[in-house]
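Shown next: start.txt, given as compact mmCIF, C-alpha atoms.
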```txt
# COMPACT_ATOMS: atom_id res chain seq x y z
CA MET A 1 0.00 0.00 0.00
CA GLU A 2 2.91 2.36 0.71
CA ASN A 3 4.30 1.76 -2.78
CA LEU A 4 0.87 2.38 -4.28
CA ALA A 5 0.47 5.62 -2.32
CA ALA A 6 3.90 6.73 -3.50
CA ARG A 7 2.93 5.99 -7.11
CA LEU A 8 -0.30 7.96 -6.80
CA SER A 9 1.52 10.86 -5.16
CA CYS A 10 4.18 10.89 -7.86
CA ARG A 11 1.64 10.74 -10.65
CA THR A 12 -0.47 13.47 -9.09
CA GLU A 13 2.57 15.71 -8.73
CA HIS A 14 3.30 15.56 -12.46
CA GLU A 15 -0.27 15.58 -13.74
CA PRO A 16 -0.33 19.34 -14.58
CA LEU A 17 2.43 18.63 -17.15
CA HIS A 18 1.23 15.18 -18.19
CA PRO A 19 -2.55 15.09 -17.70
CA LEU A 20 -4.43 11.83 -17.52
CA ILE A 21 -7.14 10.98 -19.99
CA SER A 22 -9.69 11.64 -17.23
CA GLN A 23 -8.27 15.16 -16.80
CA LYS A 24 -8.64 15.87 -20.51
CA ILE A 25 -12.30 14.91 -20.41
CA ARG A 26 -13.45 18.06 -18.60
CA TRP A 27 -17.00 18.67 -19.78
CA GLN A 28 -16.70 16.79 -23.03
CA PRO A 29 -19.98 15.00 -23.65
CA ASP A 30 -18.08 11.95 -24.83
CA LEU A 31 -17.87 10.77 -21.24
CA SER A 32 -20.34 13.17 -19.84
CA PHE A 33 -23.46 11.49 -18.67
CA ARG A 34 -25.87 13.86 -20.14
CA PRO A 35 -27.48 11.02 -22.00
CA PHE A 36 -26.19 10.06 -25.34
CA ASN A 37 -24.28 13.13 -26.50
CA TYR A 38 -21.32 11.81 -28.40
CA THR A 39 -19.15 14.64 -29.66
CA ALA A 40 -16.19 16.10 -27.87
CA ALA A 41 -16.58 19.72 -26.86
CA PRO A 42 -14.26 21.89 -28.93
CA ILE A 43 -11.64 22.78 -26.34
CA ILE A 44 -8.76 24.31 -28.26
CA GLU A 45 -5.61 22.69 -26.98
CA ASN A 46 -2.53 21.04 -28.40
CA MET A 47 -2.20 17.64 -26.75
CA GLY A 48 -3.07 19.01 -23.34
CA SER A 49 -1.32 22.40 -23.56
CA THR A 50 -3.71 25.31 -23.80
CA VAL A 51 -3.31 27.44 -26.91
CA GLY A 52 -2.47 31.02 -26.05
CA THR A 53 -2.46 34.11 -28.24
CA SER A 54 0.08 32.78 -30.71
CA SER A 55 -1.08 33.05 -34.31
CA VAL A 56 0.44 29.70 -35.34
CA VAL A 57 -0.27 26.41 -33.57
CA LYS A 58 0.00 22.68 -34.15
CA PRO A 59 -3.06 20.97 -35.65
CA SER A 60 -4.07 18.61 -32.84
CA PRO A 61 -6.73 20.24 -30.64
CA THR A 62 -8.51 18.06 -28.11
CA ALA A 63 -11.65 18.10 -30.23
CA PHE A 64 -9.67 16.13 -32.81
CA VAL A 65 -7.70 13.98 -30.40
CA GLY A 66 -10.55 13.59 -27.95
CA ALA A 67 -10.36 11.65 -24.71
CA PRO A 68 -10.09 8.73 -24.64
CA MET A 69 -8.07 8.93 -27.86
CA GLU A 70 -4.68 9.70 -26.32
CA LYS A 71 -2.90 6.73 -27.91
CA SER A 72 -3.23 5.75 -31.52
CA SER A 73 -2.63 2.01 -31.26
CA LYS A 74 -5.54 -0.27 -31.97
CA ALA A 75 -4.92 -2.16 -28.72
CA SER A 76 -5.27 1.07 -26.76
CA LEU A 77 -8.42 1.92 -28.71
CA ILE A 78 -10.01 -1.40 -27.76
CA LYS A 79 -9.13 -0.92 -24.10
CA GLU A 80 -10.59 2.56 -24.09
CA LEU A 81 -13.80 1.35 -25.73
CA VAL A 82 -14.18 -1.37 -23.11
CA ALA A 83 -13.64 1.16 -20.33
CA LEU A 84 -16.15 3.50 -21.96
CA GLY A 85 -18.72 0.71 -22.14
CA LEU A 86 -18.22 -0.05 -18.46
CA LEU A 87 -18.62 3.60 -17.45
CA LYS A 88 -21.82 3.86 -19.48
CA ALA A 89 -23.18 0.64 -17.99
CA VAL A 90 -22.73 1.97 -14.44
CA ALA A 91 -24.48 5.25 -15.20
CA ALA A 92 -27.22 3.80 -17.46
CA PRO A 93 -29.86 3.40 -14.68
CA PHE A 94 -29.44 7.04 -13.65
CA GLU A 95 -29.61 8.01 -17.31
CA ARG A 96 -32.94 6.33 -17.87
CA VAL A 97 -34.44 7.84 -14.72
CA LYS A 98 -33.14 11.24 -15.81
CA LEU A 99 -34.83 10.89 -19.20
CA LEU A 100 -38.10 9.68 -17.68
CA LEU A 101 -38.23 12.68 -15.34
CA GLN A 102 -37.14 15.06 -18.08
CA ASN A 103 -39.83 13.91 -20.54
CA GLN A 104 -42.63 12.80 -18.21
CA LYS A 105 -45.01 15.48 -19.51
CA ASP A 106 -44.88 14.01 -23.01
CA ILE A 107 -45.10 10.45 -21.67
CA ILE A 108 -48.28 11.35 -19.77
CA LYS A 109 -49.77 12.95 -22.88
CA SER A 110 -49.09 9.76 -24.81
CA GLY A 111 -51.16 7.82 -22.27
CA ARG A 112 -48.32 5.54 -21.20
CA LEU A 113 -47.92 7.17 -17.78
CA HIS A 114 -50.91 7.91 -15.58
CA LYS A 115 -49.38 10.45 -13.17
CA PRO A 116 -46.09 12.32 -12.72
CA TYR A 117 -43.17 10.85 -10.78
CA ASN A 118 -42.67 12.29 -7.30
CA GLY A 119 -38.90 12.28 -7.54
CA ILE A 120 -35.85 10.18 -8.33
CA LEU A 121 -36.59 7.41 -5.81
CA HIS A 122 -40.24 7.19 -6.87
CA CYS A 123 -39.18 6.95 -10.52
CA PHE A 124 -36.72 4.15 -9.70
CA ALA A 125 -39.31 2.28 -7.65
CA THR A 126 -42.11 2.65 -10.23
CA THR A 127 -39.89 1.56 -13.10
CA ILE A 128 -38.58 -1.50 -11.27
CA ARG A 129 -42.06 -2.47 -10.08
CA ASN A 130 -43.70 -2.21 -13.52
CA GLU A 131 -40.85 -3.31 -15.78
CA GLY A 132 -38.23 -5.12 -13.71
CA ILE A 133 -34.78 -4.06 -12.59
CA PHE A 134 -33.08 -4.80 -15.91
CA SER A 135 -35.33 -2.27 -17.61
CA LEU A 136 -33.13 0.43 -16.07
CA TRP A 137 -30.63 -0.37 -18.82
CA ARG A 138 -33.19 0.11 -21.59
CA GLY A 139 -31.61 2.21 -24.33
CA TYR A 140 -28.09 1.24 -23.26
CA THR A 141 -27.36 -0.56 -26.56
CA ALA A 142 -28.22 2.47 -28.68
CA MET A 143 -26.33 4.76 -26.31
CA THR A 144 -23.19 2.64 -26.36
CA THR A 145 -23.37 2.21 -30.14
CA GLY A 146 -23.39 5.97 -30.51
CA HIS A 147 -20.50 6.48 -28.11
CA VAL A 148 -18.40 3.78 -29.75
CA SER A 149 -19.13 5.21 -33.20
CA ALA A 150 -18.13 8.71 -32.12
CA THR A 151 -14.95 7.41 -30.52
CA VAL A 152 -13.95 5.52 -33.66
CA ILE A 153 -14.71 8.58 -35.81
CA ARG A 154 -12.49 10.78 -33.63
CA PHE A 155 -9.81 8.10 -33.76
CA GLY A 156 -9.89 8.32 -37.56
CA ILE A 157 -9.70 12.12 -37.44
CA PHE A 158 -6.75 11.87 -35.06
CA GLN A 159 -4.93 9.56 -37.47
CA TYR A 160 -5.53 12.06 -40.26
CA THR A 161 -4.24 15.01 -38.23
CA LYS A 162 -1.06 13.07 -37.45
CA ILE A 163 -0.29 13.17 -41.18
CA LEU A 164 -0.59 16.97 -41.02
CA ASP A 165 1.55 17.26 -37.90
CA ASP A 166 4.16 19.39 -39.64
CA THR A 167 1.52 21.73 -41.06
CA GLN A 168 1.16 25.01 -39.20
CA TRP A 169 -2.41 26.11 -38.60
CA SER A 170 -3.60 29.54 -37.57
CA TYR A 171 -5.58 29.87 -34.36
CA THR A 172 -8.75 30.72 -36.31
CA ARG A 173 -8.38 27.63 -38.48
CA VAL A 174 -7.97 25.43 -35.43
CA VAL A 175 -11.11 26.89 -33.83
CA VAL A 176 -13.23 26.53 -36.96
CA SER A 177 -11.94 23.04 -37.73
CA SER A 178 -12.53 21.95 -34.15
CA TYR A 179 -16.19 22.96 -34.20
CA VAL A 180 -16.74 21.54 -37.68
CA ALA A 181 -15.29 18.18 -36.62
CA SER A 182 -17.46 18.11 -33.51
CA ALA A 183 -20.63 19.08 -35.41
CA ALA A 184 -19.95 16.48 -38.12
CA THR A 185 -19.48 13.75 -35.53
CA GLN A 186 -22.67 14.80 -33.77
CA PHE A 187 -24.57 14.67 -37.07
CA LEU A 188 -23.38 11.15 -37.84
CA VAL A 189 -24.31 9.67 -34.45
CA TYR A 190 -27.42 11.75 -33.67
CA PRO A 191 -29.85 9.02 -34.83
CA PHE A 192 -28.44 6.78 -32.10
CA LEU A 193 -29.00 9.57 -29.58
CA TYR A 194 -32.60 9.77 -30.78
CA ALA A 195 -33.12 6.00 -30.64
CA ALA A 196 -31.67 5.75 -27.13
CA THR A 197 -33.89 8.59 -25.92
CA ARG A 198 -37.06 7.07 -27.37
CA MET A 199 -36.31 3.61 -25.99
CA ALA A 200 -35.48 4.95 -22.52
CA THR A 201 -38.75 6.89 -22.38
CA ASP A 202 -40.83 3.97 -23.73
CA VAL A 203 -42.69 3.18 -20.52
CA LYS A 204 -44.31 -0.22 -20.12
CA THR A 205 -47.53 0.47 -18.25
CA THR A 206 -49.57 -2.05 -16.29
CA GLY A 207 -52.79 -3.55 -17.58
CA SER A 208 -53.72 -6.11 -20.21
CA ASN A 209 -54.20 -3.63 -23.07
CA THR A 210 -51.37 -1.20 -22.36
CA GLY A 211 -48.54 -3.50 -21.32
CA ASP A 212 -46.88 -3.60 -24.73
CA ARG A 213 -44.05 -1.25 -25.58
CA GLN A 214 -44.07 1.21 -28.43
CA PHE A 215 -40.59 0.13 -29.62
CA ASN A 216 -39.10 -3.35 -29.48
CA CYS A 217 -35.48 -2.46 -30.26
CA MET A 218 -33.22 0.20 -31.78
CA ILE A 219 -33.94 -0.96 -35.34
CA ASP A 220 -37.67 -0.78 -34.61
CA VAL A 221 -37.26 2.85 -33.53
CA PHE A 222 -35.59 3.69 -36.83
CA ARG A 223 -38.15 1.79 -38.88
CA LYS A 224 -41.23 3.33 -37.28
CA THR A 225 -39.81 6.85 -37.25
CA LEU A 226 -38.77 6.72 -40.89
CA LYS A 227 -42.21 5.40 -41.82
CA SER A 228 -44.10 8.17 -40.00
CA ASP A 229 -41.75 11.19 -40.24
CA GLY A 230 -39.02 10.32 -42.71
CA ILE A 231 -35.35 11.08 -42.14
CA VAL A 232 -36.27 14.42 -40.55
CA GLY A 233 -37.79 12.54 -37.61
CA LEU A 234 -34.40 11.10 -36.68
CA TYR A 235 -32.87 14.58 -36.51
CA ARG A 236 -35.59 16.49 -34.69
CA GLY A 237 -33.92 18.64 -32.02
CA PHE A 238 -30.52 18.51 -33.72
CA ASN A 239 -30.21 22.31 -34.08
CA ILE A 240 -30.37 22.90 -30.36
CA THR A 241 -27.65 20.30 -29.75
CA LEU A 242 -25.31 22.37 -31.89
CA GLY A 243 -26.07 25.34 -29.65
CA GLU A 244 -25.37 23.14 -26.66
CA LEU A 245 -22.05 22.12 -28.21
CA VAL A 246 -20.97 25.73 -28.73
CA THR A 247 -22.07 26.73 -25.23
CA MET A 248 -20.17 23.83 -23.70
CA GLY A 249 -17.02 24.81 -25.59
CA VAL A 250 -17.23 28.46 -24.55
CA LEU A 251 -17.83 27.59 -20.89
CA SER A 252 -14.99 25.10 -20.87
CA LYS A 253 -12.62 27.58 -22.49
CA GLY A 254 -13.52 30.29 -19.98
CA LEU A 255 -13.49 28.25 -16.78
CA ASN A 256 -10.75 25.76 -17.60
CA PRO A 257 -7.97 28.01 -16.19
CA TRP A 258 -9.76 28.04 -12.82
CA LYS A 259 -10.07 24.28 -12.88
CA GLN A 260 -6.38 23.90 -13.68
CA HIS A 261 -5.54 26.32 -10.87
CA TYR A 262 -7.44 24.35 -8.22
CA SER A 263 -6.22 21.03 -9.62
CA TYR A 264 -2.65 22.28 -9.23
CA ILE A 265 -3.27 23.43 -5.65
CA LEU A 266 -4.70 20.00 -4.80
CA ARG A 267 -2.16 18.07 -6.87
CA ASN A 268 -0.98 16.13 -3.81
CA ASN A 269 -4.53 15.27 -2.69
CA PHE A 270 -5.79 12.69 -5.15
CA LEU A 271 -9.40 12.50 -3.89
CA SER A 272 -9.91 16.25 -3.35
CA ARG A 273 -8.60 17.06 -6.81
CA HIS A 274 -11.05 14.68 -8.43
CA MET A 275 -13.88 16.12 -6.34
CA VAL A 276 -13.03 19.57 -7.70
CA GLU A 277 -13.02 18.19 -11.25
CA LEU A 278 -16.41 16.59 -10.59
CA GLY A 279 -17.74 19.94 -9.40
CA PHE A 280 -16.63 21.68 -12.59
CA TRP A 281 -18.03 18.84 -14.66
CA ILE A 282 -21.44 19.04 -12.99
CA SER A 283 -21.45 22.84 -13.29
CA GLY A 284 -20.87 22.58 -17.03
CA ASN A 285 -23.68 20.05 -17.44
CA MET A 286 -26.12 22.12 -15.40
CA ALA A 287 -25.33 25.28 -17.39
CA THR A 288 -26.39 23.59 -20.65
CA TYR A 289 -29.06 21.31 -19.19
CA PRO A 290 -32.04 23.43 -20.39
CA LEU A 291 -30.80 23.08 -23.98
CA ASP A 292 -30.61 19.33 -23.51
CA THR A 293 -34.19 19.33 -22.20
CA VAL A 294 -35.46 21.18 -25.27
CA SER A 295 -33.68 18.72 -27.55
CA ARG A 296 -35.23 15.71 -25.78
CA ARG A 297 -38.70 17.22 -25.80
CA MET A 298 -38.46 17.86 -29.52
CA MET A 299 -37.38 14.26 -30.08
CA MET A 300 -40.52 13.07 -28.32
CA THR A 301 -42.70 14.67 -31.02
CA SER A 302 -41.35 12.38 -33.74
CA GLY A 303 -43.76 9.60 -34.64
CA SER A 304 -46.65 11.29 -32.86
CA GLY A 305 -48.50 12.00 -36.10
CA THR A 306 -48.32 15.77 -35.71
CA VAL A 307 -45.27 17.91 -34.98
CA LYS A 308 -45.99 19.92 -31.87
CA TYR A 309 -43.12 22.38 -32.18
CA LYS A 310 -42.52 24.39 -35.37
CA SER A 311 -38.95 25.29 -34.44
CA THR A 312 -36.50 25.38 -31.56
CA VAL A 313 -37.62 28.88 -30.55
CA HIS A 314 -41.25 27.76 -30.66
CA ALA A 315 -40.44 24.75 -28.50
CA ILE A 316 -38.68 26.88 -25.87
CA GLY A 317 -41.56 29.36 -25.82
CA GLN A 318 -44.28 26.71 -25.53
CA ILE A 319 -42.52 24.77 -22.77
CA MET A 320 -41.88 27.95 -20.78
CA LYS A 321 -45.44 29.20 -21.29
CA THR A 322 -47.28 26.00 -20.37
CA GLU A 323 -44.93 24.38 -17.83
CA GLY A 324 -42.69 27.10 -16.44
CA VAL A 325 -38.94 27.55 -16.22
CA LYS A 326 -38.57 24.78 -13.62
CA THR A 327 -39.44 22.18 -16.25
CA PHE A 328 -36.14 22.82 -18.05
CA TYR A 329 -34.36 21.26 -15.06
CA ASN A 330 -36.54 18.17 -14.61
CA GLY A 331 -34.25 15.22 -14.00
CA ALA A 332 -31.22 17.35 -13.14
CA GLY A 333 -30.79 15.49 -9.84
CA ALA A 334 -30.45 12.18 -11.68
CA GLU A 335 -27.94 13.83 -14.01
CA ILE A 336 -25.79 14.83 -11.02
CA LEU A 337 -25.97 11.29 -9.63
CA ALA A 338 -24.93 9.93 -13.03
CA CYS A 339 -21.90 12.23 -13.07
CA ALA A 340 -20.97 11.13 -9.54
CA ALA A 341 -21.36 7.44 -10.45
CA ASN A 342 -19.15 7.96 -13.48
CA ARG A 343 -16.43 9.68 -11.49
CA ALA A 344 -16.52 7.04 -8.73
CA THR A 345 -16.20 4.26 -11.31
CA LEU A 346 -13.34 6.08 -13.00
CA LEU A 347 -11.46 6.41 -9.71
CA LEU A 348 -12.03 2.73 -8.96
CA MET A 349 -10.66 1.79 -12.39
CA ILE A 350 -7.56 3.94 -11.77
CA TYR A 351 -7.05 2.34 -8.36
CA VAL A 352 -7.42 -1.21 -9.70
CA ALA A 353 -5.05 -0.47 -12.59
CA ASP A 354 -2.42 0.82 -10.15
CA VAL A 355 -2.83 -2.20 -7.90
CA ILE A 356 -2.32 -4.54 -10.86
CA ARG A 357 0.64 -2.55 -12.12
CA ALA A 358 2.25 -2.51 -8.68
CA ALA A 359 1.74 -6.26 -8.31
CA LYS A 360 3.45 -6.90 -11.66
CA GLU A 361 6.47 -4.83 -10.71
CA LYS A 362 7.12 -6.80 -7.52
```

Show me, as structure tokens, the structure contained in the file I just sent.
Amino acid sequence: MENLAARLSCRTEHEPLHPLISQKIRWQPDLSFRPFNYTAAPIIENMGSTVGTSSVVKPSPTAFVGAPMEKSSKASLIKELVALGLLKAVAAPFERVKLLLQNQKDIIKSGRLHKPYNGILHCFATTIRNEGIFSLWRGYTAMTTGHVSATVIRFGIFQYTKILDDTQWSYTRVVVSSYVASAATQFLVYPFLYAATRMATDVKTTGSNTGDRQFNCMIDVFRKTLKSDGIVGLYRGFNITLGELVTMGVLSKGLNPWKQHYSYILRNNFLSRHMVELGFWISGNMATYPLDTVSRRMMMTSGSGTVKYKSTVHAIGQIMKTEGVKTFYNGAGAEILACAANRATLLLMIYVADVIRAAKEK
């Protein structure tokens, strides 16, 4: 244990110069547990070093590299994908509860839920009682498929940027390219985001005539949506996610120096430093949570026969007018619990990896 503590202390001491993958994550939705966002937030860095005011920089911002894409080997990629799947599996129950609370108004209107949930515990209890405990992972397959796809896409972009490593890019070009890469990745995996959201909110009610689900699987979601709404139905709410992406990038760019400052102060306190990082992570998610709510609510109108919201602005106005501002934060408590579960699992994985590494060196 003394050797392990020494290793942790040594690694923590040098982390400001050699950040871990978990430190590079920040508020990137790739490992954020706002459900099913897959693109890395465009934080303009060069392999962990923040870009300053210089007009010429290297072409490898974090949005291209993207945690967990620190190493380019295929073996490392597979390990990172396995770790990502494990992190998502741990947080999946909180994710589904978050989505149920966030979209319960639309679920009630569809007739699949008779009355609102009274809170996180009541939502957990009701879901387990009516559908079984394994139903908490409903939508996990679509969610993981989207995350894996986005990770592989960023891996391909990273390989391409390595070819251009000797090319000198202006700061403006890096910024624009970073956002374009993130938006393109989001566009490619957004249908999985939609499918995961619809499956997670597909409540199985009690009773002989209402016990069947609306969707049987991810493919069934695609098939029924394409039949009723066409390809547009799979991308309903996409515009607001781009706004969420930009907002996340701006917030991260502005507050990241403060996070680095406190992480450096607590560099010798492993647990406290990660608690500070968790606090920044949650703050970033809460700042953009209303945009996420609007996106989910717009998704719920696909396949309903009639489109309730004419545009993103119309959706925001109607939700605020009929349900109040508080509705934009429905399910935020479950989101915070999901972030905490993710961070706890990440710390456990780091601890286990160090134990195994220390055992091998003896």

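Between CA of Gly132 (chain A) and CA of Val90 (chain A) lies a distance of 17.1 Å.
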
Check your understanding: Looking at A:Arg236, A:Arg173, A:Arg112, A:Lys74, which one is nearest to Met300 (chain A), with distances taken over all atoms listed in the file?
Key ->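 When distances to Met300 (chain A) are compared using all atoms listed in the file, the smallest one comes from A:Arg236.
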
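Counting from CA of Phe280 (chain A), the distance to CA of Thr144 (chain A) is 24.4 Å.
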
- Which residues, protein or nucleic acid, reach to within 9 Å of (-23.9, 12.0, -12.0) in the file's coordinates when using only C-alpha atoms, and can you give that as a VMD selection string? chain A and resid 32 to 34 91 94 to 95 278 282 333 to 343

Min atom-atom distance to Met199 (chain A) from the set A:Leu99, A:Ala181, A:Val232, A:Leu255, counting only C-alpha atoms, belongs to A:Leu99

Between A:Tyr351, A:Met299, A:Val294, A:Tyr194, which residue has the minimum interatomic distance to His314 (chain A), considering all atoms listed in the file?
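Nearest to His314 (chain A): A:Val294.
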
Complete region 337-360 of chain A at the level of N, CA, C and O atoms, written as a PDB file, in the coordinates of the input.
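Resulting contents of part04.pdb:
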```pdb
ATOM      1  N   LEU A 337     -26.313  12.622 -10.130  1.00  0.00           N
ATOM      2  CA  LEU A 337     -25.970  11.290  -9.630  1.00  0.00           C
ATOM      3  C   LEU A 337     -25.232  10.474 -10.678  1.00  0.00           C
ATOM      4  O   LEU A 337     -24.314   9.714 -10.358  1.00  0.00           O
ATOM      5  N   ALA A 338     -25.622  10.635 -11.944  1.00  0.00           N
ATOM      6  CA  ALA A 338     -24.930   9.930 -13.030  1.00  0.00           C
ATOM      7  C   ALA A 338     -23.487  10.391 -13.142  1.00  0.00           C
ATOM      8  O   ALA A 338     -22.575   9.582 -13.341  1.00  0.00           O
ATOM      9  N   CYS A 339     -23.264  11.698 -13.033  1.00  0.00           N
ATOM     10  CA  CYS A 339     -21.900  12.230 -13.070  1.00  0.00           C
ATOM     11  C   CYS A 339     -21.069  11.678 -11.912  1.00  0.00           C
ATOM     12  O   CYS A 339     -19.901  11.299 -12.090  1.00  0.00           O
ATOM     13  N   ALA A 340     -21.668  11.642 -10.718  1.00  0.00           N
ATOM     14  CA  ALA A 340     -20.970  11.130  -9.540  1.00  0.00           C
ATOM     15  C   ALA A 340     -20.641   9.646  -9.698  1.00  0.00           C
ATOM     16  O   ALA A 340     -19.540   9.194  -9.340  1.00  0.00           O
ATOM     17  N   ALA A 341     -21.589   8.876 -10.234  1.00  0.00           N
ATOM     18  CA  ALA A 341     -21.360   7.440 -10.450  1.00  0.00           C
ATOM     19  C   ALA A 341     -20.239   7.225 -11.456  1.00  0.00           C
ATOM     20  O   ALA A 341     -19.396   6.334 -11.296  1.00  0.00           O
ATOM     21  N   ASN A 342     -20.217   8.052 -12.485  1.00  0.00           N
ATOM     22  CA  ASN A 342     -19.150   7.960 -13.480  1.00  0.00           C
ATOM     23  C   ASN A 342     -17.798   8.239 -12.875  1.00  0.00           C
ATOM     24  O   ASN A 342     -16.828   7.506 -13.102  1.00  0.00           O
ATOM     25  N   ARG A 343     -17.703   9.310 -12.089  1.00  0.00           N
ATOM     26  CA  ARG A 343     -16.430   9.680 -11.490  1.00  0.00           C
ATOM     27  C   ARG A 343     -15.964   8.627 -10.497  1.00  0.00           C
ATOM     28  O   ARG A 343     -14.774   8.275 -10.451  1.00  0.00           O
ATOM     29  N   ALA A 344     -16.880   8.076  -9.695  1.00  0.00           N
ATOM     30  CA  ALA A 344     -16.520   7.040  -8.730  1.00  0.00           C
ATOM     31  C   ALA A 344     -15.997   5.794  -9.447  1.00  0.00           C
ATOM     32  O   ALA A 344     -15.006   5.182  -9.018  1.00  0.00           O
ATOM     33  N   THR A 345     -16.648   5.416 -10.538  1.00  0.00           N
ATOM     34  CA  THR A 345     -16.200   4.260 -11.310  1.00  0.00           C
ATOM     35  C   THR A 345     -14.841   4.510 -11.922  1.00  0.00           C
ATOM     36  O   THR A 345     -13.974   3.626 -11.951  1.00  0.00           O
ATOM     37  N   LEU A 346     -14.633   5.720 -12.407  1.00  0.00           N
ATOM     38  CA  LEU A 346     -13.340   6.080 -13.000  1.00  0.00           C
ATOM     39  C   LEU A 346     -12.220   5.989 -11.971  1.00  0.00           C
ATOM     40  O   LEU A 346     -11.140   5.456 -12.251  1.00  0.00           O
ATOM     41  N   LEU A 347     -12.466   6.488 -10.773  1.00  0.00           N
ATOM     42  CA  LEU A 347     -11.460   6.410  -9.710  1.00  0.00           C
ATOM     43  C   LEU A 347     -11.171   4.966  -9.336  1.00  0.00           C
ATOM     44  O   LEU A 347     -10.023   4.595  -9.079  1.00  0.00           O
ATOM     45  N   LEU A 348     -12.218   4.146  -9.283  1.00  0.00           N
ATOM     46  CA  LEU A 348     -12.030   2.730  -8.960  1.00  0.00           C
ATOM     47  C   LEU A 348     -11.198   2.041 -10.036  1.00  0.00           C
ATOM     48  O   LEU A 348     -10.314   1.231  -9.716  1.00  0.00           O
ATOM     49  N   MET A 349     -11.441   2.372 -11.296  1.00  0.00           N
ATOM     50  CA  MET A 349     -10.660   1.790 -12.390  1.00  0.00           C
ATOM     51  C   MET A 349      -9.203   2.204 -12.297  1.00  0.00           C
ATOM     52  O   MET A 349      -8.295   1.390 -12.538  1.00  0.00           O
ATOM     53  N   ILE A 350      -8.942   3.470 -11.946  1.00  0.00           N
ATOM     54  CA  ILE A 350      -7.560   3.940 -11.770  1.00  0.00           C
ATOM     55  C   ILE A 350      -6.889   3.204 -10.639  1.00  0.00           C
ATOM     56  O   ILE A 350      -5.728   2.769 -10.749  1.00  0.00           O
ATOM     57  N   TYR A 351      -7.613   3.026  -9.535  1.00  0.00           N
ATOM     58  CA  TYR A 351      -7.050   2.340  -8.360  1.00  0.00           C
ATOM     59  C   TYR A 351      -6.705   0.887  -8.696  1.00  0.00           C
ATOM     60  O   TYR A 351      -5.617   0.404  -8.377  1.00  0.00           O
ATOM     61  N   VAL A 352      -7.648   0.188  -9.347  1.00  0.00           N
ATOM     62  CA  VAL A 352      -7.420  -1.210  -9.700  1.00  0.00           C
ATOM     63  C   VAL A 352      -6.241  -1.341 -10.661  1.00  0.00           C
ATOM     64  O   VAL A 352      -5.410  -2.249 -10.532  1.00  0.00           O
ATOM     65  N   ALA A 353      -6.158  -0.429 -11.639  1.00  0.00           N
ATOM     66  CA  ALA A 353      -5.050  -0.470 -12.590  1.00  0.00           C
ATOM     67  C   ALA A 353      -3.718  -0.278 -11.894  1.00  0.00           C
ATOM     68  O   ALA A 353      -2.727  -0.948 -12.223  1.00  0.00           O
ATOM     69  N   ASP A 354      -3.664   0.603 -10.902  1.00  0.00           N
ATOM     70  CA  ASP A 354      -2.420   0.820 -10.150  1.00  0.00           C
ATOM     71  C   ASP A 354      -2.064  -0.375  -9.286  1.00  0.00           C
ATOM     72  O   ASP A 354      -0.889  -0.717  -9.139  1.00  0.00           O
ATOM     73  N   VAL A 355      -3.075  -1.014  -8.714  1.00  0.00           N
ATOM     74  CA  VAL A 355      -2.830  -2.200  -7.900  1.00  0.00           C
ATOM     75  C   VAL A 355      -2.232  -3.303  -8.776  1.00  0.00           C
ATOM     76  O   VAL A 355      -1.251  -3.975  -8.405  1.00  0.00           O
ATOM     77  N   ILE A 356      -2.828  -3.500  -9.942  1.00  0.00           N
ATOM     78  CA  ILE A 356      -2.320  -4.540 -10.860  1.00  0.00           C
ATOM     79  C   ILE A 356      -0.927  -4.221 -11.330  1.00  0.00           C
ATOM     80  O   ILE A 356      -0.040  -5.079 -11.366  1.00  0.00           O
ATOM     81  N   ARG A 357      -0.688  -2.950 -11.657  1.00  0.00           N
ATOM     82  CA  ARG A 357       0.640  -2.550 -12.120  1.00  0.00           C
ATOM     83  C   ARG A 357       1.686  -2.720 -11.020  1.00  0.00           C
ATOM     84  O   ARG A 357       2.806  -3.173 -11.280  1.00  0.00           O
ATOM     85  N   ALA A 358       1.319  -2.357  -9.802  1.00  0.00           N
ATOM     86  CA  ALA A 358       2.250  -2.510  -8.680  1.00  0.00           C
ATOM     87  C   ALA A 358       2.549  -3.963  -8.415  1.00  0.00           C
ATOM     88  O   ALA A 358       3.689  -4.331  -8.076  1.00  0.00           O
ATOM     89  N   ALA A 359       1.539  -4.833  -8.546  1.00  0.00           N
ATOM     90  CA  ALA A 359       1.740  -6.260  -8.310  1.00  0.00           C
ATOM     91  C   ALA A 359       2.695  -6.869  -9.348  1.00  0.00           C
ATOM     92  O   ALA A 359       3.514  -7.726  -9.042  1.00  0.00           O
ATOM     93  N   LYS A 360       2.586  -6.380 -10.603  1.00  0.00           N
ATOM     94  CA  LYS A 360       3.450  -6.900 -11.660  1.00  0.00           C
ATOM     95  C   LYS A 360       4.889  -6.490 -11.481  1.00  0.00           C
ATOM     96  O   LYS A 360       5.821  -7.188 -11.908  1.00  0.00           O
TER      97      LYS A 360
END
```
